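Text of the file start.tsv, holding TSV, C-alpha atoms:
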```tsv
chain	number	residue	atom	x	y	z
A	1	MET	CA	23.59	53.69	-113.40
A	2	ALA	CA	22.88	56.85	-111.47
A	3	ASN	CA	19.62	56.87	-109.64
A	4	LEU	CA	17.86	59.99	-110.92
A	5	VAL	CA	15.10	61.50	-108.84
A	6	ALA	CA	12.13	62.94	-110.72
A	7	ARG	CA	11.20	66.37	-109.39
A	8	THR	CA	8.57	68.77	-110.63
A	9	ALA	CA	9.66	72.35	-111.36
A	10	CYS	CA	8.23	73.92	-108.19
A	11	GLU	CA	8.70	70.99	-105.82
A	12	GLY	CA	9.59	72.26	-102.37
A	13	PHE	CA	8.34	75.83	-103.08
A	14	LEU	CA	4.63	75.19	-103.50
A	15	PRO	CA	1.81	75.05	-102.53
A	16	VAL	CA	1.49	78.14	-100.37
A	17	THR	CA	-1.49	80.21	-99.26
A	18	ILE	CA	-1.04	83.92	-98.58
A	19	GLY	CA	-4.07	85.93	-97.50
A	20	SER	CA	-6.87	85.13	-99.91
A	21	VAL	CA	-4.73	83.65	-102.68
A	22	SER	CA	-3.22	80.25	-103.01
A	23	LEU	CA	-0.36	79.28	-105.28
A	24	SER	CA	-0.02	75.72	-106.50
A	25	GLU	CA	1.99	74.01	-109.16
A	26	VAL	CA	0.31	72.80	-112.35
A	27	VAL	CA	2.14	69.58	-113.09
A	28	ILE	CA	2.42	69.14	-116.85
A	29	GLU	CA	3.05	65.59	-117.93
A	30	LYS	CA	2.73	66.07	-121.67
A	31	MET	CA	3.38	69.23	-123.56
A	32	ALA	CA	4.76	70.07	-126.98
A	33	SER	CA	5.34	73.31	-128.78
A	34	VAL	CA	3.73	73.14	-132.23
A	35	ALA	CA	4.80	75.67	-134.87
A	36	PRO	CA	3.04	75.11	-138.22
A	37	PHE	CA	5.14	75.62	-141.35
A	38	LYS	CA	4.15	78.39	-143.75
A	39	GLY	CA	0.79	77.64	-145.32
A	40	LYS	CA	0.20	74.52	-143.20
A	41	GLU	CA	-1.77	76.22	-140.41
A	42	GLY	CA	-5.11	74.79	-141.57
A	43	ALA	CA	-3.76	71.26	-142.01
A	44	VAL	CA	-2.21	71.33	-138.53
A	45	SER	CA	-5.47	72.52	-137.00
A	46	THR	CA	-7.38	69.75	-138.78
A	47	ALA	CA	-4.90	67.11	-137.60
A	48	LEU	CA	-5.14	68.41	-134.02
A	49	LYS	CA	-8.93	68.32	-134.18
A	50	GLU	CA	-8.91	64.72	-135.32
A	51	ALA	CA	-6.37	63.52	-132.75
A	52	CYS	CA	-7.08	65.71	-129.70
A	53	ASP	CA	-10.46	67.32	-130.50
A	54	ILE	CA	-8.99	70.82	-130.21
A	55	ALA	CA	-8.24	73.40	-132.89
A	56	PHE	CA	-5.00	75.34	-133.24
A	57	PRO	CA	-5.65	78.48	-131.17
A	58	ALA	CA	-5.89	81.99	-132.59
A	59	PRO	CA	-3.50	84.61	-131.15
A	60	ASN	CA	-4.19	85.32	-127.46
A	61	ARG	CA	-6.64	82.43	-127.18
A	62	THR	CA	-6.69	78.90	-125.87
A	63	THR	CA	-8.67	75.88	-126.98
A	64	SER	CA	-9.52	72.96	-124.74
A	65	LYS	CA	-11.58	69.80	-124.62
A	66	GLY	CA	-11.47	67.29	-121.80
A	67	GLY	CA	-7.89	67.06	-120.59
A	68	ALA	CA	-6.37	68.38	-123.80
A	69	ARG	CA	-5.65	72.06	-124.30
A	70	ALA	CA	-3.69	74.30	-126.59
A	71	ILE	CA	-2.32	77.68	-125.52
A	72	TRP	CA	-1.18	80.27	-128.05
A	73	ALA	CA	2.51	80.78	-127.30
A	74	GLY	CA	3.66	83.55	-129.61
A	75	GLN	CA	3.80	84.20	-133.33
A	76	GLY	CA	2.96	80.99	-135.20
A	77	ARG	CA	3.32	78.75	-132.17
A	78	ALA	CA	1.11	77.01	-129.61
A	79	ASN	CA	1.78	74.75	-126.66
A	80	VAL	CA	-0.36	71.62	-126.82
A	81	ILE	CA	-0.85	70.06	-123.41
A	82	GLY	CA	-2.21	66.74	-122.23
A	83	CYS	CA	-2.68	64.84	-125.46
A	84	ASP	CA	-0.73	62.56	-127.75
A	85	LEU	CA	0.03	64.53	-130.88
A	86	PRO	CA	-0.71	63.16	-134.32
A	87	ASP	CA	2.16	62.76	-136.77
A	88	LEU	CA	2.82	66.31	-137.94
A	89	ALA	CA	5.86	65.50	-140.09
A	90	GLY	CA	6.00	68.00	-142.95
A	91	LEU	CA	3.30	70.15	-141.35
A	92	ALA	CA	4.83	71.65	-138.24
A	93	ALA	CA	7.93	71.89	-136.09
A	94	VAL	CA	7.20	70.00	-132.89
A	95	THR	CA	9.35	70.21	-129.77
A	96	ASP	CA	8.75	68.38	-126.50
A	97	GLN	CA	8.39	70.95	-123.71
A	98	ALA	CA	6.99	68.87	-120.84
A	99	ASP	CA	10.12	69.37	-118.75
A	100	GLY	CA	10.79	72.82	-120.14
A	101	VAL	CA	8.27	74.95	-118.29
A	102	ALA	CA	7.11	75.77	-114.80
A	103	ALA	CA	3.39	76.43	-114.45
A	104	VAL	CA	1.77	77.94	-111.38
A	105	LYS	CA	-1.93	78.28	-110.68
A	106	ILE	CA	-2.88	81.36	-108.72
A	107	GLU	CA	-6.40	81.43	-107.36
A	108	GLY	CA	-8.43	83.36	-104.86
A	109	ASP	CA	-10.29	86.64	-104.40
A	110	ALA	CA	-7.09	88.68	-104.71
A	111	ALA	CA	-5.61	86.82	-107.69
A	112	GLU	CA	-6.29	89.74	-110.06
A	113	ALA	CA	-4.85	92.23	-107.56
A	114	VAL	CA	-1.70	90.17	-107.14
A	115	LEU	CA	-1.13	89.85	-110.89
A	116	ALA	CA	-1.87	93.55	-111.33
A	117	ARG	CA	1.31	94.24	-109.38
A	118	LEU	CA	3.42	92.18	-111.76
A	119	VAL	CA	1.84	92.11	-115.22
A	120	PRO	CA	1.44	95.26	-117.36
A	121	LEU	CA	-1.97	94.16	-118.66
A	122	ASP	CA	-5.61	94.57	-117.69
A	123	LEU	CA	-6.39	91.04	-116.53
A	124	ARG	CA	-9.81	91.87	-115.06
A	125	ALA	CA	-12.69	89.66	-116.15
A	126	ALA	CA	-14.21	92.34	-118.39
A	127	SER	CA	-11.24	92.33	-120.76
A	128	PHE	CA	-9.49	89.03	-120.00
A	129	LYS	CA	-12.04	86.24	-120.07
A	130	ARG	CA	-11.88	82.52	-119.77
A	131	GLY	CA	-10.21	81.13	-122.88
A	132	HIS	CA	-8.00	84.19	-123.14
A	133	THR	CA	-4.23	83.96	-122.81
A	134	ALA	CA	-1.48	86.55	-123.10
A	135	ARG	CA	2.23	86.58	-123.70
A	136	SER	CA	3.55	89.28	-121.45
A	137	LEU	CA	5.84	89.91	-118.51
A	138	VAL	CA	5.76	88.92	-114.85
A	139	ASN	CA	7.91	91.71	-113.53
A	140	HIS	CA	11.04	91.34	-115.72
A	141	MET	CA	10.36	87.81	-116.85
A	142	THR	CA	8.63	86.66	-120.04
A	143	ALA	CA	5.56	84.61	-119.20
A	144	SER	CA	2.40	83.11	-120.57
A	145	ILE	CA	-0.68	84.10	-118.56
A	146	THR	CA	-3.97	82.26	-119.01
A	147	ARG	CA	-7.31	82.68	-117.29
A	148	LEU	CA	-8.60	79.37	-115.94
A	149	GLY	CA	-11.70	80.56	-114.12
A	150	PRO	CA	-13.41	83.55	-112.47
A	151	LYS	CA	-10.71	83.76	-109.77
A	152	SER	CA	-7.89	81.66	-111.11
A	153	PHE	CA	-5.03	82.07	-113.55
A	154	GLU	CA	-2.18	79.96	-114.81
A	155	VAL	CA	1.25	81.56	-115.17
A	156	MET	CA	3.82	79.69	-117.21
A	157	VAL	CA	7.53	80.51	-117.46
A	158	MET	CA	10.69	78.70	-118.48
A	159	ARG	CA	11.53	75.99	-116.00
A	160	SER	CA	14.84	77.59	-115.03
A	161	MET	CA	12.77	80.55	-113.77
A	162	ALA	CA	10.53	78.49	-111.46
A	163	GLN	CA	11.93	79.80	-108.22
A	164	THR	CA	11.92	83.39	-109.50
A	165	LEU	CA	8.26	83.04	-110.47
A	166	VAL	CA	7.33	81.69	-107.04
A	167	HIS	CA	9.33	84.50	-105.42
A	168	GLU	CA	7.63	87.22	-107.49
A	169	LEU	CA	4.13	85.85	-106.90
A	170	THR	CA	4.76	85.31	-103.18
A	171	GLU	CA	6.12	88.81	-102.69
A	172	ALA	CA	3.23	90.41	-104.58
A	173	ALA	CA	0.69	88.30	-102.66
A	174	GLU	CA	2.25	89.32	-99.35
A	175	GLY	CA	2.03	92.97	-100.39
A	176	VAL	CA	-1.64	92.63	-101.30
A	177	ALA	CA	-2.39	90.70	-98.09
A	178	ALA	CA	-0.64	93.33	-95.95
A	179	ARG	CA	-3.07	95.97	-97.18
A	180	GLY	CA	-5.94	93.88	-95.81
B	1	MET	CA	4.84	104.98	-124.27
B	2	ARG	CA	2.45	102.39	-125.67
B	3	VAL	CA	3.51	100.27	-128.65
B	4	VAL	CA	1.25	98.23	-130.92
B	5	CYS	CA	1.77	94.54	-131.61
B	6	PRO	CA	-0.33	93.20	-134.51
B	7	HIS	CA	-1.03	90.05	-132.48
B	8	CYS	CA	-1.36	91.37	-128.94
B	9	GLY	CA	-2.61	94.93	-129.45
B	10	GLU	CA	-1.43	97.96	-127.51
B	11	ARG	CA	1.21	97.02	-124.94
B	12	ASP	CA	3.61	98.74	-122.62
B	13	ARG	CA	6.96	99.86	-124.03
B	14	ARG	CA	8.82	97.58	-121.60
B	15	GLU	CA	7.66	94.50	-123.56
B	16	PHE	CA	9.51	95.62	-126.71
B	17	THR	CA	13.05	95.87	-128.00
B	18	TYR	CA	13.95	98.50	-130.61
B	19	GLN	CA	16.15	97.39	-133.50
B	20	GLY	CA	16.50	100.22	-136.02
B	21	ALA	CA	15.18	101.67	-139.27
B	22	ALA	CA	12.85	99.46	-141.33
B	23	GLU	CA	15.16	99.91	-144.36
B	24	ILE	CA	16.89	96.82	-143.02
B	25	LEU	CA	14.14	94.83	-144.80
B	26	ASP	CA	15.21	96.13	-148.23
B	27	ARG	CA	18.28	93.97	-148.51
B	28	PRO	CA	20.10	94.30	-151.86
B	29	ALA	CA	20.66	91.19	-153.98
B	30	PRO	CA	24.02	89.50	-153.26
B	31	GLU	CA	25.40	90.29	-156.72
B	32	VAL	CA	24.69	94.03	-156.48
B	33	GLU	CA	27.73	96.31	-156.47
B	34	ASN	CA	29.41	97.34	-153.22
B	35	ASP	CA	28.03	100.89	-153.07
B	36	ALA	CA	24.47	99.63	-152.66
B	37	TRP	CA	25.61	97.32	-149.90
B	38	ALA	CA	27.53	100.11	-148.17
B	39	ASP	CA	24.41	102.29	-148.28
B	40	TYR	CA	22.27	99.44	-146.97
B	41	LEU	CA	24.58	98.76	-144.08
B	42	HIS	CA	25.63	102.24	-143.05
B	43	LEU	CA	23.42	105.02	-144.42
B	44	ARG	CA	20.31	105.92	-142.44
B	45	GLU	CA	17.78	108.71	-142.72
B	46	ASN	CA	17.39	110.85	-139.64
B	47	PRO	CA	13.78	111.93	-140.05
B	48	ALA	CA	11.94	114.41	-137.87
B	49	GLY	CA	8.36	113.17	-138.06
B	50	GLU	CA	6.96	110.08	-139.73
B	51	THR	CA	9.23	107.09	-139.44
B	52	ARG	CA	9.14	103.34	-139.86
B	53	ASP	CA	11.32	101.17	-137.69
B	54	MET	CA	11.74	97.62	-136.46
B	55	TRP	CA	10.57	96.55	-133.04
B	56	TYR	CA	10.59	93.12	-131.48
B	57	HIS	CA	7.78	92.09	-129.15
B	58	ASP	CA	9.77	90.00	-126.69
B	59	PRO	CA	7.01	87.86	-125.14
B	60	CYS	CA	5.31	86.83	-128.40
B	61	GLY	CA	8.33	86.84	-130.70
B	62	ALA	CA	6.90	89.04	-133.46
B	63	TRP	CA	9.07	91.40	-135.51
B	64	ILE	CA	7.03	94.51	-136.19
B	65	VAL	CA	7.42	97.36	-138.68
B	66	MET	CA	6.26	100.25	-136.50
B	67	HIS	CA	4.80	103.39	-138.00
B	68	ARG	CA	5.35	106.28	-135.62
B	69	ASP	CA	6.19	109.94	-135.36
B	70	THR	CA	9.45	111.10	-133.78
B	71	VAL	CA	8.15	114.64	-133.29
B	72	SER	CA	4.77	114.00	-131.66
B	73	HIS	CA	5.79	110.58	-130.26
B	74	ALA	CA	2.54	109.17	-131.63
B	75	VAL	CA	2.49	105.46	-132.46
B	76	HIS	CA	0.26	104.99	-135.52
B	77	GLY	CA	0.39	101.21	-135.67
B	78	GLY	CA	2.47	98.32	-136.80
B	79	GLU	CA	2.55	95.51	-139.32
B	80	LEU	CA	4.22	92.13	-139.01
B	81	ALA	CA	7.61	92.15	-140.71
B	82	SER	CA	6.78	88.68	-142.06
B	83	GLU	CA	3.82	90.22	-143.94
B	84	VAL	CA	5.72	93.29	-145.16
B	85	ARG	CA	8.56	91.24	-146.63
B	86	LYS	CA	7.23	87.93	-147.92
```

As C-alpha cells, please, write out the structure in this file.
Amino acid sequence: MANLVARTACEGFLPVTIGSVSLSEVVIEKMASVAPFKGKEGAVSTALKEACDIAFPAPNRTTSKGGARAIWAGQGRANVIGCDLPDLAGLAAVTDQADGVAAVKIEGDAAEAVLARLVPLDLRAASFKRGHTARSLVNHMTASITRLGPKSFEVMVMRSMAQTLVHELTEAAEGVAARG
Amino acid sequence: MRVVCPHCGERDRREFTYQGAAEILDRPAPEVENDAWADYLHLRENPAGETRDMWYHDPCGAWIVMHRDTVSHAVHGGELASEVRK
C-alpha cells in the first residue's frame, strides 16, 4: 500500500507576512456544498438549524454559530463548514468539498488595499460588513470572498488554484507595501 | 460597462459571459414542425434599442435575462432565467 502524505492546499507557500498584511491558510477539515432541491429551501434550512444551529444563508451572506458556518456559494448553493450535516436525502444535493478548496485568510491594516487591487468590488467596511460574502474574481480567477473581521478576509478558490491565489495575493501585497 | 445580477447586484462586465438573444428560452415543443425549429435555432432579431439577452454571471452561476439598450448602452436590469422560464 502506498504511503500517502496528507498535505493542506497551501502547505509550503504560507504563512507569509508582507508589510502590514499577513497571509495564512485556513485549514478546512469538514466542508460540503449543499444545494437544496426546488421548493426544499425551507426544509433544508430547518434541518441545518437543528443539526448545526445555523440557517441556510441568503445570497451574499454567511451564517455562523460556534465552529459551524455556512457561506453562500452561488445560485441555490452554500458551503457548510465545520459541522456534521444532517441527512438531507431528498432535500438537497450534497457534495463533500473539504479537499476541494484552498482558503486563505488575509489580515492586517492593508488587507482592504491589497484586495482592492485584485477584486472588482467595494470591500470597504461601509459596504462589505462582517457576515457578508461575495462571489467574484481575484484577478482572473473565480473566488469566494468573505469578511471575517474589521481587518481580515477569507478568500476561497478551487484547490487546484491554491498556488495562483497565493501568488496573486503576494504580488498585490508587495505592491501595496512598496508604496509605504 | 456594469451589468446587473439579481443575486449580486451591479457588477463589472468582466464577471459575465454573454450567450445570445433571450428567445433561446422559448423552445418549441418537440413535435412542432421543422420550420418552427429552424426559426428557433437560426433566426434572430437584430434590434437597435431595447433588447433582452442571456448573460451568465460566472462567479455565482446565475443565468440572467438582461434587459438593456443597444443604442444607449444602458443596462435596465435583469431577471433570473430560472424565474422567467419555470

Original post:
Which residues, written as a list in words, have at least one atom at most 9 Å from Gly100 (chain A), with all atoms listed in the file counted and residues fewer than 3 positions away on the same chain left out?
Top reply: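 Residues near the query, excluding close chain neighbours: Ala9, Met31, Asp96, Gln97, Val157, Met158, Arg159 and Ser160 of chain A.
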
**OP:** Would you list the contacts of Trp63 (chain B) as number ranges by chain, taking every protein, DNA or RNA residue within 12 Å and counting all atoms listed in the file, but skipping same-chain residues closer than 2 positions in sequence?
**Re:** A: 74-75; B: 4-7, 16-20, 22, 25, 53-61, 65-66, 78-85

Subject >> Between CA of Arg27 (chain B) and CA of Leu43 (chain B), distance in Å (one decimal) >> reply: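 Separating CA of Arg27 (chain B) from CA of Leu43 (chain B) is a distance of 12.9 Å.
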
Restrict the calculation to only C-alpha atoms, then for each residue of chain A with any atom at most 10 Å from an atom of chain B give the closest atom pair and their distance in Å to one decimal, rows by chain and rising residue number, as a tab-separated table.
```
residue	atom	partner	partner_atom	distance
A:Ala58	CA	B:His7	CA	9.4
A:Pro59	CA	B:His7	CA	6.1
A:Asn60	CA	B:Cys8	CA	6.8
A:Trp72	CA	B:Cys60	CA	9.2
A:Ala73	CA	B:Cys60	CA	6.8
A:Gly74	CA	B:Cys60	CA	3.9
A:Gln75	CA	B:Ala62	CA	5.7
A:Gly76	CA	B:Gly61	CA	9.1
A:Arg77	CA	B:Cys60	CA	9.1
A:Pro120	CA	B:Asp12	CA	6.7
A:Leu121	CA	B:Arg11	CA	7.6
A:Ala134	CA	B:Cys8	CA	7.6
A:Arg135	CA	B:Pro59	CA	5.2
A:Ser136	CA	B:Pro59	CA	5.3
A:Leu137	CA	B:Pro59	CA	7.0
A:His140	CA	B:Arg14	CA	8.9
A:Met141	CA	B:Pro59	CA	8.9
A:Thr142	CA	B:Pro59	CA	5.5
A:Ala143	CA	B:Pro59	CA	6.9
A:Ser144	CA	B:Pro59	CA	8.0
```

Original post:
Distance CA of Gly39 (chain A)-CA of Leu88 (chain A), one decimal place?
Top reply: 13.7 Å

Subject >> CA of Lys40 (chain A) to CA of Val101 (chain A), straight-line distance in Å >> reply: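 Answer for the CA of Val101 (chain A) to CA of Lys40 (chain A) separation: 26.2 Å.
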
**OP:** Tell me, as a PyMOL selection string, which residues lie within 6 Å of Val119 (chain A), counting all atoms listed in the file; anything in the same chain fewer than 3 positions away does not count.
**Re:** chain A and resi 115-116+137-138

Since the input lacks atoms, please generate N, CA and C atoms for region 98-121 of chain A and provide them as a PDB file, in the frame of the given file.
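Below you can see out.pdb, which holds the result:
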```pdb
ATOM      1  N   ALA A  98       7.575  69.282-122.120  1.00  0.00           N
ATOM      2  CA  ALA A  98       6.990  68.870-120.840  1.00  0.00           C
ATOM      3  C   ALA A  98       7.894  69.204-119.660  1.00  0.00           C
ATOM      4  N   ASP A  99       9.199  69.062-119.838  1.00  0.00           N
ATOM      5  CA  ASP A  99      10.120  69.370-118.750  1.00  0.00           C
ATOM      6  C   ASP A  99      10.687  70.784-118.872  1.00  0.00           C
ATOM      7  N   GLY A 100      10.183  71.540-119.831  1.00  0.00           N
ATOM      8  CA  GLY A 100      10.790  72.820-120.140  1.00  0.00           C
ATOM      9  C   GLY A 100      10.128  74.016-119.480  1.00  0.00           C
ATOM     10  N   VAL A 101       8.984  73.810-118.851  1.00  0.00           N
ATOM     11  CA  VAL A 101       8.270  74.950-118.290  1.00  0.00           C
ATOM     12  C   VAL A 101       7.907  74.716-116.829  1.00  0.00           C
ATOM     13  N   ALA A 102       7.675  75.820-116.141  1.00  0.00           N
ATOM     14  CA  ALA A 102       7.110  75.770-114.800  1.00  0.00           C
ATOM     15  C   ALA A 102       5.769  76.484-114.873  1.00  0.00           C
ATOM     16  N   ALA A 103       4.720  75.827-114.399  1.00  0.00           N
ATOM     17  CA  ALA A 103       3.390  76.430-114.450  1.00  0.00           C
ATOM     18  C   ALA A 103       2.820  76.527-113.040  1.00  0.00           C
ATOM     19  N   VAL A 104       2.318  77.711-112.721  1.00  0.00           N
ATOM     20  CA  VAL A 104       1.770  77.940-111.380  1.00  0.00           C
ATOM     21  C   VAL A 104       0.334  78.431-111.519  1.00  0.00           C
ATOM     22  N   LYS A 105      -0.547  77.835-110.699  1.00  0.00           N
ATOM     23  CA  LYS A 105      -1.930  78.280-110.680  1.00  0.00           C
ATOM     24  C   LYS A 105      -2.086  79.240-109.508  1.00  0.00           C
ATOM     25  N   ILE A 106      -2.629  80.406-109.797  1.00  0.00           N
ATOM     26  CA  ILE A 106      -2.880  81.360-108.720  1.00  0.00           C
ATOM     27  C   ILE A 106      -4.395  81.553-108.637  1.00  0.00           C
ATOM     28  N   GLU A 107      -4.955  81.294-107.479  1.00  0.00           N
ATOM     29  CA  GLU A 107      -6.400  81.430-107.360  1.00  0.00           C
ATOM     30  C   GLU A 107      -6.796  82.050-106.025  1.00  0.00           C
ATOM     31  N   GLY A 108      -7.921  82.706-106.063  1.00  0.00           N
ATOM     32  CA  GLY A 108      -8.430  83.360-104.860  1.00  0.00           C
ATOM     33  C   GLY A 108      -8.986  84.728-105.192  1.00  0.00           C
ATOM     34  N   ASP A 109      -9.643  85.340-104.191  1.00  0.00           N
ATOM     35  CA  ASP A 109     -10.290  86.640-104.400  1.00  0.00           C
ATOM     36  C   ASP A 109      -9.305  87.698-104.874  1.00  0.00           C
ATOM     37  N   ALA A 110      -8.059  87.622-104.393  1.00  0.00           N
ATOM     38  CA  ALA A 110      -7.090  88.680-104.710  1.00  0.00           C
ATOM     39  C   ALA A 110      -6.179  88.324-105.883  1.00  0.00           C
ATOM     40  N   ALA A 111      -6.502  87.255-106.609  1.00  0.00           N
ATOM     41  CA  ALA A 111      -5.610  86.820-107.690  1.00  0.00           C
ATOM     42  C   ALA A 111      -5.364  87.937-108.710  1.00  0.00           C
ATOM     43  N   GLU A 112      -6.449  88.647-109.089  1.00  0.00           N
ATOM     44  CA  GLU A 112      -6.290  89.740-110.060  1.00  0.00           C
ATOM     45  C   GLU A 112      -5.424  90.853-109.476  1.00  0.00           C
ATOM     46  N   ALA A 113      -5.614  91.154-108.206  1.00  0.00           N
ATOM     47  CA  ALA A 113      -4.850  92.230-107.560  1.00  0.00           C
ATOM     48  C   ALA A 113      -3.373  91.875-107.474  1.00  0.00           C
ATOM     49  N   VAL A 114      -3.097  90.610-107.232  1.00  0.00           N
ATOM     50  CA  VAL A 114      -1.700  90.170-107.140  1.00  0.00           C
ATOM     51  C   VAL A 114      -1.036  90.290-108.512  1.00  0.00           C
ATOM     52  N   LEU A 115      -1.713  89.790-109.543  1.00  0.00           N
ATOM     53  CA  LEU A 115      -1.130  89.850-110.890  1.00  0.00           C
ATOM     54  C   LEU A 115      -1.013  91.291-111.380  1.00  0.00           C
ATOM     55  N   ALA A 116      -1.924  92.145-110.917  1.00  0.00           N
ATOM     56  CA  ALA A 116      -1.870  93.550-111.330  1.00  0.00           C
ATOM     57  C   ALA A 116      -0.562  94.213-110.889  1.00  0.00           C
ATOM     58  N   ARG A 117       0.037  93.680-109.846  1.00  0.00           N
ATOM     59  CA  ARG A 117       1.310  94.240-109.380  1.00  0.00           C
ATOM     60  C   ARG A 117       2.483  93.803-110.248  1.00  0.00           C
ATOM     61  N   LEU A 118       2.296  92.774-111.044  1.00  0.00           N
ATOM     62  CA  LEU A 118       3.420  92.180-111.760  1.00  0.00           C
ATOM     63  C   LEU A 118       3.294  92.254-113.277  1.00  0.00           C
ATOM     64  N   VAL A 119       2.066  92.248-113.778  1.00  0.00           N
ATOM     65  CA  VAL A 119       1.840  92.110-115.220  1.00  0.00           C
ATOM     66  C   VAL A 119       1.285  93.425-115.774  1.00  0.00           C
ATOM     67  N   PRO A 120       1.907  93.981-116.827  1.00  0.00           N
ATOM     68  CA  PRO A 120       1.440  95.260-117.360  1.00  0.00           C
ATOM     69  C   PRO A 120       0.233  95.125-118.289  1.00  0.00           C
ATOM     70  N   LEU A 121      -0.780  94.389-117.848  1.00  0.00           N
ATOM     71  CA  LEU A 121      -1.970  94.160-118.660  1.00  0.00           C
ATOM     72  C   LEU A 121      -3.210  94.287-117.785  1.00  0.00           C
TER      73      LEU A 121
END
```
